[in-house]
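Enquirer: My structure is in query20.cif, and what it holds is mmCIF, C-alpha atoms:
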```cif
data_coords
#
loop_
_atom_site.label_atom_id
_atom_site.label_comp_id
_atom_site.auth_asym_id
_atom_site.auth_seq_id
_atom_site.Cartn_x
_atom_site.Cartn_y
_atom_site.Cartn_z
CA MET A 1 18.11 20.02 -28.07
CA ALA A 2 16.66 16.53 -28.29
CA LEU A 3 13.73 15.81 -26.07
CA ALA A 4 13.60 12.42 -24.51
CA THR A 5 10.26 12.02 -22.81
CA SER A 6 10.03 9.21 -20.34
CA LEU A 7 6.89 7.97 -22.02
CA ASN A 8 7.24 4.50 -23.30
CA ALA A 9 4.21 3.92 -25.44
CA SER A 10 3.54 0.36 -24.41
CA GLY A 11 5.46 0.52 -21.12
CA GLY A 12 6.66 -3.01 -21.70
CA ILE A 13 3.22 -4.31 -20.85
CA ASP A 14 1.62 -6.91 -23.03
CA THR A 15 -1.83 -5.47 -23.67
CA ALA A 16 -3.15 -8.47 -25.58
CA GLU A 17 -4.84 -10.10 -22.58
CA LEU A 18 -5.31 -7.03 -20.45
CA ARG A 19 -8.65 -6.67 -18.69
CA PRO A 20 -10.32 -3.43 -17.67
CA GLY A 21 -9.97 -2.08 -14.15
CA LEU A 22 -12.63 -0.31 -12.11
CA ALA A 23 -15.33 1.23 -14.27
CA ASP A 24 -15.23 4.50 -12.33
CA PRO A 25 -11.80 4.50 -10.67
CA VAL A 26 -12.36 7.43 -8.30
CA HIS A 27 -15.80 6.61 -6.91
CA ASP A 28 -15.53 2.83 -7.05
CA SER A 29 -12.26 2.84 -5.15
CA GLN A 30 -13.76 5.19 -2.55
CA HIS A 31 -16.66 2.79 -1.99
CA ILE A 32 -14.34 -0.19 -1.82
CA PHE A 33 -12.06 1.62 0.63
CA ARG A 34 -15.09 2.39 2.80
CA GLY A 35 -15.95 -1.32 2.67
CA LEU A 36 -12.43 -2.23 3.79
CA LEU A 37 -12.63 0.22 6.69
CA THR A 38 -15.91 -1.39 7.74
CA ALA A 39 -14.32 -4.82 7.50
CA LEU A 40 -11.47 -3.77 9.79
CA ALA A 41 -13.81 -1.97 12.19
CA HIS A 42 -15.97 -5.09 12.54
CA PRO A 43 -13.53 -7.99 12.40
CA GLY A 44 -15.12 -11.24 11.32
CA ARG A 45 -18.10 -9.61 9.64
CA PRO A 46 -18.25 -10.33 5.89
CA VAL A 47 -18.55 -7.14 3.84
CA THR A 48 -19.72 -7.28 0.24
CA LEU A 49 -17.60 -4.99 -1.89
CA PRO A 50 -19.16 -2.84 -4.60
CA GLY A 51 -17.64 -2.49 -8.03
CA ASP A 52 -18.01 -5.69 -10.01
CA VAL A 53 -14.61 -6.09 -11.59
CA ALA A 54 -13.33 -9.17 -13.38
CA GLY A 55 -9.59 -9.40 -12.92
CA PRO A 56 -7.20 -11.96 -14.37
CA GLU A 57 -7.16 -15.57 -13.17
CA PRO A 58 -7.06 -16.64 -10.38
CA LEU A 59 -8.32 -13.47 -8.67
CA ASP A 60 -11.87 -13.24 -7.33
CA PRO A 61 -13.77 -9.97 -7.86
CA ALA A 62 -13.21 -8.95 -4.21
CA THR A 63 -9.47 -9.65 -4.39
CA THR A 64 -9.20 -7.64 -7.60
CA ALA A 65 -11.22 -4.79 -6.14
CA VAL A 66 -9.03 -4.61 -3.03
CA ALA A 67 -5.86 -4.75 -5.12
CA LEU A 68 -7.05 -1.97 -7.44
CA THR A 69 -8.02 0.17 -4.46
CA LEU A 70 -5.03 -0.26 -2.17
CA LEU A 71 -2.07 -0.76 -4.49
CA ASP A 72 -0.17 2.00 -6.18
CA TYR A 73 3.34 3.00 -7.12
CA ASP A 74 4.61 3.21 -3.54
CA THR A 75 3.23 -0.07 -2.22
CA PRO A 76 5.63 -2.92 -3.00
CA LEU A 77 3.64 -6.08 -3.55
CA TRP A 78 4.55 -9.72 -3.04
CA ILE A 79 2.45 -12.34 -4.84
CA ASP A 80 2.51 -16.07 -4.31
CA TRP A 81 3.74 -18.37 -7.04
CA ILE A 82 0.33 -19.56 -8.17
CA ALA A 83 -0.86 -16.01 -8.86
CA ASP A 84 2.44 -14.98 -10.39
CA THR A 85 1.45 -15.20 -14.06
CA PRO A 86 2.28 -12.79 -16.89
CA PRO A 87 -1.38 -11.63 -17.28
CA LEU A 88 -1.63 -10.86 -13.57
CA ARG A 89 1.70 -9.05 -13.54
CA ALA A 90 0.65 -7.04 -16.59
CA TYR A 91 -2.70 -6.24 -14.98
CA LEU A 92 -1.18 -4.98 -11.74
CA LYS A 93 1.56 -3.07 -13.53
CA PHE A 94 -0.95 -1.41 -15.85
CA HIS A 95 -3.71 -0.55 -13.39
CA CYS A 96 -1.81 -0.12 -10.11
CA GLY A 97 1.78 0.52 -11.17
CA CYS A 98 2.95 -1.19 -7.99
CA PRO A 99 6.46 -2.63 -7.81
CA LEU A 100 6.58 -6.41 -7.39
CA VAL A 101 9.15 -7.70 -4.92
CA GLU A 102 10.70 -11.16 -4.64
CA ARG A 103 11.18 -11.17 -0.88
CA SER A 104 8.01 -11.19 1.21
CA GLN A 105 9.80 -9.13 3.91
CA ASP A 106 10.10 -6.17 1.53
CA ALA A 107 6.42 -5.99 0.65
CA ALA A 108 3.79 -3.59 1.96
CA PHE A 109 1.09 -5.94 0.67
CA GLY A 110 1.04 -9.67 0.18
CA LEU A 111 -1.36 -11.22 -2.31
CA VAL A 112 -1.95 -14.90 -1.60
CA THR A 113 -4.27 -17.02 -3.72
CA ASP A 114 -3.10 -20.37 -2.36
CA PRO A 115 -3.08 -19.89 1.44
CA GLU A 116 -2.33 -23.56 2.06
CA ASN A 117 1.22 -23.05 0.73
CA MET A 118 1.78 -19.50 1.88
CA PRO A 119 4.89 -18.37 3.81
CA ARG A 120 4.66 -18.14 7.61
CA LEU A 121 3.24 -14.86 8.89
CA ALA A 122 6.58 -13.96 10.48
CA LEU A 123 8.13 -13.85 7.00
CA PHE A 124 6.18 -10.71 6.16
CA ALA A 125 7.11 -7.23 7.36
CA GLN A 126 6.07 -6.90 11.03
CA GLY A 127 6.68 -3.19 11.42
CA ARG A 128 9.08 -1.54 13.84
CA ASP A 129 8.42 -0.17 17.31
CA GLN A 130 8.71 3.39 16.03
CA TYR A 131 6.63 2.64 12.93
CA PRO A 132 4.17 -0.19 13.54
CA ASP A 133 2.32 0.96 10.43
CA SER A 134 5.18 -0.26 8.25
CA SER A 135 4.00 -3.85 8.61
CA ALA A 136 2.48 -5.77 5.74
CA SER A 137 -1.21 -6.21 4.97
CA LEU A 138 -2.08 -9.59 3.51
CA LEU A 139 -4.85 -10.36 1.05
CA LEU A 140 -5.66 -14.02 1.49
CA GLN A 141 -8.03 -15.33 -1.13
CA VAL A 142 -9.67 -18.38 0.39
CA PRO A 143 -11.86 -20.98 -1.34
CA SER A 144 -14.73 -20.29 1.07
CA LEU A 145 -15.59 -18.06 4.02
CA GLU A 146 -18.27 -20.39 5.37
CA GLU A 147 -17.10 -23.98 4.95
CA GLY A 148 -13.88 -24.06 6.93
CA PRO A 149 -13.34 -24.90 10.60
CA ALA A 150 -14.95 -22.41 12.97
CA VAL A 151 -12.69 -19.90 14.69
CA THR A 152 -13.86 -17.61 17.48
CA LEU A 153 -12.63 -14.04 17.44
CA LYS A 154 -12.39 -11.59 20.33
CA GLY A 155 -11.12 -8.07 20.55
CA PRO A 156 -11.82 -4.45 19.65
CA GLY A 157 -14.77 -4.08 17.30
CA ILE A 158 -16.45 -7.28 18.46
CA ARG A 159 -19.12 -6.99 21.18
CA GLU A 160 -18.89 -10.52 22.54
CA THR A 161 -17.36 -12.96 20.15
CA ALA A 162 -17.49 -13.42 16.39
CA THR A 163 -17.11 -16.65 14.46
CA ILE A 164 -15.47 -17.01 11.07
CA ARG A 165 -15.03 -20.13 8.98
CA PRO A 166 -12.39 -19.46 6.33
CA ALA A 167 -11.43 -22.60 4.44
CA GLY A 168 -8.11 -23.60 2.92
CA LEU A 169 -5.78 -22.22 5.60
CA PRO A 170 -2.59 -24.10 6.57
CA ASP A 171 -2.39 -26.03 9.89
CA TRP A 172 -0.03 -23.53 11.45
CA PHE A 173 -2.16 -20.53 10.58
CA TRP A 174 -4.03 -19.89 13.83
CA ASN A 175 -0.97 -20.68 15.92
CA ASP A 176 0.97 -18.10 13.91
CA TRP A 177 -1.92 -15.71 14.35
CA ARG A 178 -1.62 -16.04 18.15
CA LEU A 179 2.06 -15.10 17.89
CA ASN A 180 1.14 -12.25 15.56
CA ALA A 181 -1.49 -10.90 17.95
CA ALA A 182 0.89 -11.30 20.91
CA GLN A 183 3.39 -8.83 19.47
CA PHE A 184 0.79 -6.06 19.16
CA PRO A 185 1.23 -3.19 18.15
CA LEU A 186 3.47 -4.95 15.62
CA GLY A 187 2.26 -7.65 13.29
CA VAL A 188 0.42 -8.11 10.02
CA ASP A 189 -3.22 -7.35 9.21
CA ILE A 190 -5.23 -9.73 7.08
CA PHE A 191 -8.11 -9.47 4.65
CA PHE A 192 -9.77 -12.76 3.74
CA THR A 193 -11.42 -12.48 0.35
CA CYS A 194 -13.77 -14.85 -1.41
CA GLY A 195 -16.13 -14.11 -4.28
CA ARG A 196 -17.29 -10.55 -3.69
CA SER A 197 -16.88 -10.59 0.12
CA VAL A 198 -14.08 -9.56 2.38
CA VAL A 199 -13.50 -10.27 6.08
CA GLY A 200 -11.05 -8.15 8.04
CA LEU A 201 -8.70 -9.56 10.65
CA PRO A 202 -6.64 -6.78 12.21
CA ARG A 203 -3.64 -7.56 14.40
CA SER A 204 -5.51 -6.57 17.56
CA ILE A 205 -7.84 -9.58 17.34
CA LEU A 206 -7.40 -12.75 19.38
CA ALA A 207 -8.52 -16.01 17.81
CA GLU A 208 -9.43 -19.31 19.38
CA GLY A 209 -9.67 -22.27 17.05
CA MET J 1 -8.63 14.96 -11.96
CA ASP J 2 -5.72 14.15 -9.80
CA ALA J 3 -4.88 10.79 -11.32
CA ALA J 4 -1.31 11.04 -12.46
CA PRO J 5 0.15 8.72 -15.06
CA ARG J 6 2.60 7.65 -12.44
CA SER J 7 3.88 4.56 -14.15
CA ALA J 8 5.01 6.80 -16.98
CA ALA J 9 7.88 8.44 -15.15
CA PRO J 10 10.21 5.64 -14.16
CA GLN J 11 9.76 3.36 -17.14
CA GLY J 12 11.56 4.41 -20.29
CA ASP J 13 14.99 5.60 -19.27
CA GLY J 14 15.33 7.74 -22.36
CA GLN J 15 18.67 6.14 -23.09
CA SER J 16 17.74 4.14 -26.13
CA ALA J 17 14.59 4.21 -28.14
CA PRO J 18 13.30 0.65 -27.96
CA GLY J 19 11.40 0.98 -31.21
CA GLU J 20 14.48 1.59 -33.27
CA ARG J 21 15.38 -2.06 -33.55
CA ASP J 22 11.93 -3.52 -34.00
CA PRO J 23 10.33 -2.27 -37.24
CA ALA J 24 6.75 -2.98 -36.09
CA GLN J 25 7.33 -1.01 -32.90
CA ALA J 26 9.02 1.78 -34.84
CA ALA J 27 6.00 2.03 -37.14
CA ARG J 28 3.61 2.17 -34.19
CA ARG J 29 5.80 4.77 -32.53
CA ARG J 30 5.59 6.89 -35.64
CA TRP J 31 1.81 6.84 -35.95
CA MET J 32 1.29 7.35 -32.22
CA SER J 33 3.53 10.39 -32.44
CA VAL J 34 1.60 11.74 -35.43
CA LEU J 35 -1.74 11.16 -33.68
CA ALA J 36 -0.50 12.88 -30.53
CA LYS J 37 0.69 15.93 -32.42
CA ALA J 38 -2.40 16.27 -34.59
CA LYS J 39 -4.99 18.96 -33.96
CA LEU J 40 -8.19 17.76 -32.34
CA ASN J 41 -10.43 19.06 -35.14
CA GLU J 42 -8.35 17.20 -37.72
CA LEU J 43 -8.72 13.98 -35.77
CA GLU J 44 -12.44 14.56 -35.34
CA SER J 45 -12.97 15.01 -39.05
CA ALA J 46 -10.84 11.94 -39.80
CA TRP J 47 -13.04 10.01 -37.37
CA GLU J 48 -16.20 11.42 -38.98
CA ASP J 49 -14.99 10.28 -42.39
CA LEU J 50 -14.26 6.77 -41.17
CA ALA J 51 -16.50 4.24 -42.89
CA GLN J 52 -16.84 1.57 -40.19
CA LYS J 53 -16.60 2.91 -36.65
CA PRO J 54 -15.57 0.17 -34.27
CA ALA J 55 -17.14 -0.67 -30.92
CA TYR J 56 -14.76 -0.50 -27.98
CA ASP J 57 -14.40 -0.90 -24.22
CA TRP J 58 -12.23 1.14 -21.92
CA LEU J 59 -9.21 -0.46 -20.33
CA ARG J 60 -8.42 2.84 -18.67
CA ARG J 61 -10.64 5.87 -19.01
CA PRO J 62 -8.95 9.12 -20.01
CA GLU J 63 -7.08 10.68 -17.11
CA VAL J 64 -4.97 13.80 -16.83
CA GLY J 65 -1.60 13.88 -15.13
CA MET J 66 1.92 15.17 -15.30
CA VAL J 67 5.06 13.66 -16.74
CA MET J 68 8.61 14.88 -16.37
CA VAL J 69 10.15 15.70 -19.72
CA ARG J 70 13.87 15.06 -19.87
CA ALA J 71 16.33 16.46 -22.30
CA ARG J 72 20.00 16.30 -23.16
CA THR J 73 22.02 19.37 -23.95
CA GLY J 74 22.81 19.27 -27.63
CA GLY J 75 21.01 15.95 -27.86
CA THR J 76 24.05 14.06 -26.54
CA GLY J 77 25.11 15.77 -23.30
CA GLY J 78 24.09 15.07 -19.74
CA ARG J 79 20.45 14.40 -19.07
CA PHE J 80 18.42 16.93 -17.13
CA ASN J 81 14.79 17.50 -16.26
CA LEU J 82 13.41 20.05 -18.67
CA GLY J 83 10.11 20.44 -16.90
CA GLN J 84 6.76 18.89 -16.31
CA MET J 85 4.15 18.55 -18.98
CA THR J 86 0.43 17.91 -18.72
CA VAL J 87 -0.49 14.64 -20.40
CA THR J 88 -3.80 12.90 -20.94
CA ARG J 89 -3.76 9.19 -21.44
CA CYS J 90 -6.22 6.40 -21.96
CA ALA J 91 -6.35 2.80 -23.11
CA LEU J 92 -9.16 0.96 -24.82
CA ARG J 93 -9.86 -2.31 -26.54
CA LEU J 94 -11.78 -2.74 -29.76
CA ALA J 95 -14.41 -5.43 -30.12
CA SER J 96 -11.98 -7.13 -32.53
CA GLY J 97 -9.37 -7.42 -29.76
CA GLU J 98 -6.73 -4.78 -30.54
CA ALA J 99 -5.74 -2.58 -27.62
CA GLY J 100 -5.03 1.05 -28.39
CA LEU J 101 -3.15 3.57 -26.26
CA GLY J 102 -3.45 7.31 -26.42
CA TYR J 103 -0.91 9.63 -24.79
CA VAL J 104 -1.37 13.26 -25.77
CA GLN J 105 -0.14 16.60 -24.53
CA GLY J 106 -2.67 18.76 -22.71
CA ARG J 107 -5.98 17.97 -21.10
CA SER J 108 -8.14 16.99 -24.03
CA LYS J 109 -9.71 13.65 -23.15
CA ARG J 110 -11.35 13.42 -26.54
CA HIS J 111 -7.97 13.82 -28.23
CA ALA J 112 -6.53 10.95 -26.17
CA GLU J 113 -9.58 8.82 -26.97
CA LEU J 114 -9.33 9.41 -30.72
CA ALA J 115 -5.56 8.82 -30.69
CA ALA J 116 -6.12 5.50 -28.89
CA LEU J 117 -8.89 4.51 -31.32
CA PHE J 118 -6.74 5.17 -34.36
CA ASP J 119 -3.80 3.42 -32.70
CA ALA J 120 -5.95 0.32 -32.21
CA LEU J 121 -7.32 0.47 -35.76
CA LEU J 122 -3.84 0.84 -37.23
CA GLN J 123 -2.76 -2.39 -35.56
CA ASP J 124 -5.17 -4.25 -37.82
CA GLU J 125 -2.96 -5.19 -40.78
CA GLY J 126 -5.97 -5.24 -43.10
CA ARG J 127 -6.88 -1.60 -42.50
CA ARG J 128 -3.43 -0.20 -41.92
CA GLY J 129 -2.57 0.70 -45.53
CA GLU J 130 -5.83 2.52 -46.09
CA LEU J 131 -5.63 4.39 -42.78
CA GLU J 132 -1.97 5.32 -43.32
CA ASP J 133 -2.97 7.01 -46.59
CA SER J 134 -6.23 8.57 -45.50
CA VAL J 135 -5.40 9.60 -41.94
CA ILE J 136 -1.76 9.43 -40.89
CA ALA J 137 -0.19 10.91 -44.02
CA PRO J 138 -2.45 14.03 -44.10
CA LEU J 139 -2.04 14.53 -40.33
CA GLU J 140 1.71 14.28 -40.65
CA ALA J 141 1.72 16.70 -43.60
CA SER J 142 -0.33 19.29 -41.76
CA HIS J 143 1.87 18.93 -38.68
CA LEU J 144 4.94 19.53 -40.83
CA ASP J 145 3.23 22.57 -42.40
CA ARG J 146 2.55 24.06 -38.97
CA ARG J 147 6.07 23.34 -37.90
CA THR J 148 7.59 24.89 -41.01
CA ALA J 149 5.40 27.96 -40.69
CA ARG J 150 6.47 28.41 -37.10
CA SER J 151 10.15 27.98 -37.79
CA ARG J 152 9.89 30.43 -40.74
CA LYS J 153 8.30 32.96 -38.46
CA ALA J 154 10.95 32.41 -35.83
CA ASN J 155 13.71 32.50 -38.39
CA SER J 156 12.57 35.84 -39.77
CA THR J 157 13.30 37.43 -36.42
CA LYS J 158 16.70 35.81 -36.04
CA VAL J 159 19.46 38.08 -34.77
CA ASN J 160 23.14 37.37 -35.15
CA PHE J 161 25.49 38.59 -32.48
CA PHE J 162 29.06 39.58 -33.24
CA THR J 163 31.81 40.25 -30.80
CA MET J 164 33.94 43.21 -31.80
CA VAL J 165 37.66 43.04 -31.19
CA ARG J 166 38.28 45.61 -28.56
CA GLY J 167 42.02 45.57 -28.76
CA GLU J 168 42.65 45.66 -25.04
CA ASN J 169 45.68 43.40 -25.30
CA GLU J 170 47.59 45.45 -27.76
#
```
What would you get if you wrote out this structure as structure tokens?

Expert:
Amino acid sequence: MALATSLNASGGIDTAELRPGLADPVHDSQHIFRGLLTALAHPGRPVTLPGDVAGPEPLDPATTAVALTLLDYDTPLWIDWIADTPPLRAYLKFHCGCPLVERSQDAAFGLVTDPENMPRLALFAQGRDQYPDSSASLLLQVPSLEEGPAVTLKGPGIRETATIRPAGLPDWFWNDWRLNAAQFPLGVDIFFTCGRSVVGLPRSILAEG
Amino acid sequence: MDAAPRSAAPQGDGQSAPGERDPAQAARRRWMSVLAKAKLNELESAWEDLAQKPAYDWLRRPEVGMVMVRARTGGTGGRFNLGQMTVTRCALRLASGEAGLGYVQGRSKRHAELAALFDALLQDEGRRGELEDSVIAPLEASHLDRRTARSRKANSTKVNFFTMVRGENE
């Protein structure tokens, strides 16, 4: 009887450029997950993520940390063209094992490093009435969280109003966000990342630009 | 540890061994297999005897998980799941740049670490010849010895079954 193990030594991953993942995968990802929960519970409030991890270009430490924490083998991921490089693919395949999909509609997570040229929000999975949780979560890596135009946020988790200033978003973004928020409980959730900080923008939040 | 080597299961389809065509990959396959089958104490002493021990960083710390082992009846028949096996894996990078992978049966993290270290060292063309002679060849020989001893022992208890003609049709 010949044994054929499914172990492929290299797994088809080019390890030449591969960077390390989280130093302590279990505890670091727990802390990062806690940070993400805080970010969603207090929309608009920047949360600094622990776990200093240097991912491949062009990912910021926060984007890498969120990816390493949230992605695994049953979260199909869509990445925008500027991030879609062999080192990044190898990194995600090695550390997360997540499948990469071509169509943004099929993805559970969207990783966007060039928000200016990103697809419209409606092109990501919006969830279904029976399963609103099947919508996509988007990681938008923005050039700055403080230097963009001010946007006022209202909704659950915000006492009065909150103001965020993410830079580098497309013109249509806040208009699309209004449409996204209008179809609650469906719609996408967003994490803005920059440097080591993350700002949560859940679908329940109304924005006024 | 509950971290499963989940990417391991769906990748190689077991249909064709990719290393068979590429000689460099076939060679690496061979030494990784020898390192995985070696006894931990043999690897430890080989590591002790090593003249220059390299510095390294983890790409993935050792983690224990399960993989599904598949088999074919008679080596050529239909594929089936033989059963799950505990596997420890890790990945590291030497200061000189080579990345080593260790995939070993069982839960010994040290075994996976040493297998990955030797795998990385063996990728250095300059040291390969020396390491092949001083580490891989003896490990392979002792693995073959263990295997032969076991099959001798098994063979000595072999029983042949005969079916007697019962003559019912006559």

Enquirer: Enclose the full set of atoms of region 112-131 of chain J listed in the file within a box whose edges lie along x, y and z, apply 6 Å of padding to each of the six sides, and report centre and edge lengths in Å to one decimal as lines of an AutoDock Vina configuration file.

Expert:
```
center_x = -6.1
center_y = 2.9
center_z = -36.1
size_x = 19.0
size_y = 28.2
size_z = 31.9
```

Enquirer: Work out how far apart CA of Ala182 (chain A) and CA of Arg203 (chain A) are and give it in Å to one decimal.

Expert: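 These atoms are spaced 8.8 Å apart.
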
Enquirer: Could you check how far CA of Gly110 (chain A) sits from CA of Ala39 (chain A), in Å to one decimal?

Expert: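 If I compute the distance from CA of Gly110 (chain A) to CA of Ala39 (chain A), I get 17.7 Å.
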
Enquirer: So that I can check the surroundings of Val199 (chain A), please list as a list in words every protein, DNA and RNA residue that reaches within 9 Å of it, counting all atoms listed in the file and ignoring chain neighbours fewer than 5 positions away.

Expert: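 Within the cut-off, the hits are Leu36, Ala39, Leu40, His42, Pro43, Gly44, Arg45, Pro46, Val47, Leu145, Ile164, Ile190, Phe191, Phe192, Thr193 and Cys194 of chain A.
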
Enquirer: Any chance you could resolve the PyMOL selection byres ((chain A and resi 121-130) around 6) against this file and give the residues as a list in words?

Expert: Ser104, Gln105, Arg120, Tyr131, Pro132, Ser134, Ser135, Ala136, Leu186, Gly187 and Val188 of chain A

Enquirer: Taking the file as shown, what set of residues would the PyMOL selection byres ((chain J and resi 100) around 7) give back, as a PyMOL selection string?

Expert: chain J and resi 91-93+98-99+101-102+116-117+119-120

Enquirer: List the residues matched by the PyMOL selection byres ((chain J and resi 24-35) around 12) in the displayed structure as an MDAnalysis selection string, ordered by chain and then by residue number.

Expert: (chainID A and resid 5 7:10 12) or (chainID J and resid 17:23 36:44 46:47 100:105 111:125 128 131:133 135:144)

Enquirer: Go through A:Ala83, A:Leu138, A:Ala107, A:Leu92 one by one, measure the shortest atom-to-atom distance of each to chain J using all atoms listed in the file, and give the residue with the smallest value.

Expert: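 With all atoms listed in the file as the atom set, the closest residue is A:Leu92.
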
Enquirer: Calculated over only C-alpha atoms, which of the candidates J:Val165, J:Val69, J:Val159, J:Leu94 has the smallest distance to chain A?

Expert: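 Distance minimum relative to chain A lands on J:Val69.
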
Enquirer: Using all atoms listed in the file, determine which residues lie at most 7 Å from Leu153 (chain A), disregarding the query and same-chain residues fewer than 6 positions distant; provide the list as a PyMOL selection string.

Expert: chain A and resi 161-163+205-208

Enquirer: Report the distance between CA of Pro76 (chain A) and CA of Ser29 (chain A) in Å, rounded to one decimal place.

Expert: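 Answer for the CA of Pro76 (chain A) to CA of Ser29 (chain A) separation: 18.9 Å.
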
Enquirer: Of the candidates J:Gly75, J:Gly97, J:Gly126, J:Gly106, which shows the shortest atom-to-atom distance to chain A, using all atoms listed in the file?

Expert: J:Gly75

Enquirer: Let me make sure I understand: among A:Ala90, A:Cys98, A:Leu140, A:Leu169, which one has the smallest atom-to-atom distance to chain J if we use all atoms listed in the file?

Expert: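 The closest residue to chain J is A:Cys98.
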
Enquirer: Neighbouring residues of Leu88 (chain A) were defined as those with any atom within 9 Å, considering all atoms listed in the file; residues of the same chain fewer than 5 positions away were excluded. Please report them as a list of chain:residue names.

Expert: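 That gives A:Leu18, A:Gly55, A:Pro56, A:Glu57, A:Pro58, A:Leu59, A:Ala83, A:Lys93.
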
Enquirer: Looking at all atoms listed in the file, which of A:Phe33, A:Trp174, A:Tyr91, A:Phe109 is the one that sits closest to Thr75 (chain A)?

Expert: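 Of the candidates, the smallest distance to Thr75 (chain A) is held by A:Phe109.
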
Enquirer: For each of J:Arg146, J:Asp57, J:Arg152, J:Arg110, take the minimum atom-to-atom distance to Ser96 (chain J), counting only C-alpha atoms, then give the residue where this is smallest.

Expert: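 Closest to Ser96 (chain J), using only C-alpha atoms: J:Asp57.
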
Enquirer: Just give me the residues with any atom within 6 Å of (15.1, 20.4, -18.2), file coordinates, counting all atoms listed in the file, written as a ChimeraX atom specification.

Expert: /J:70-71,80-83
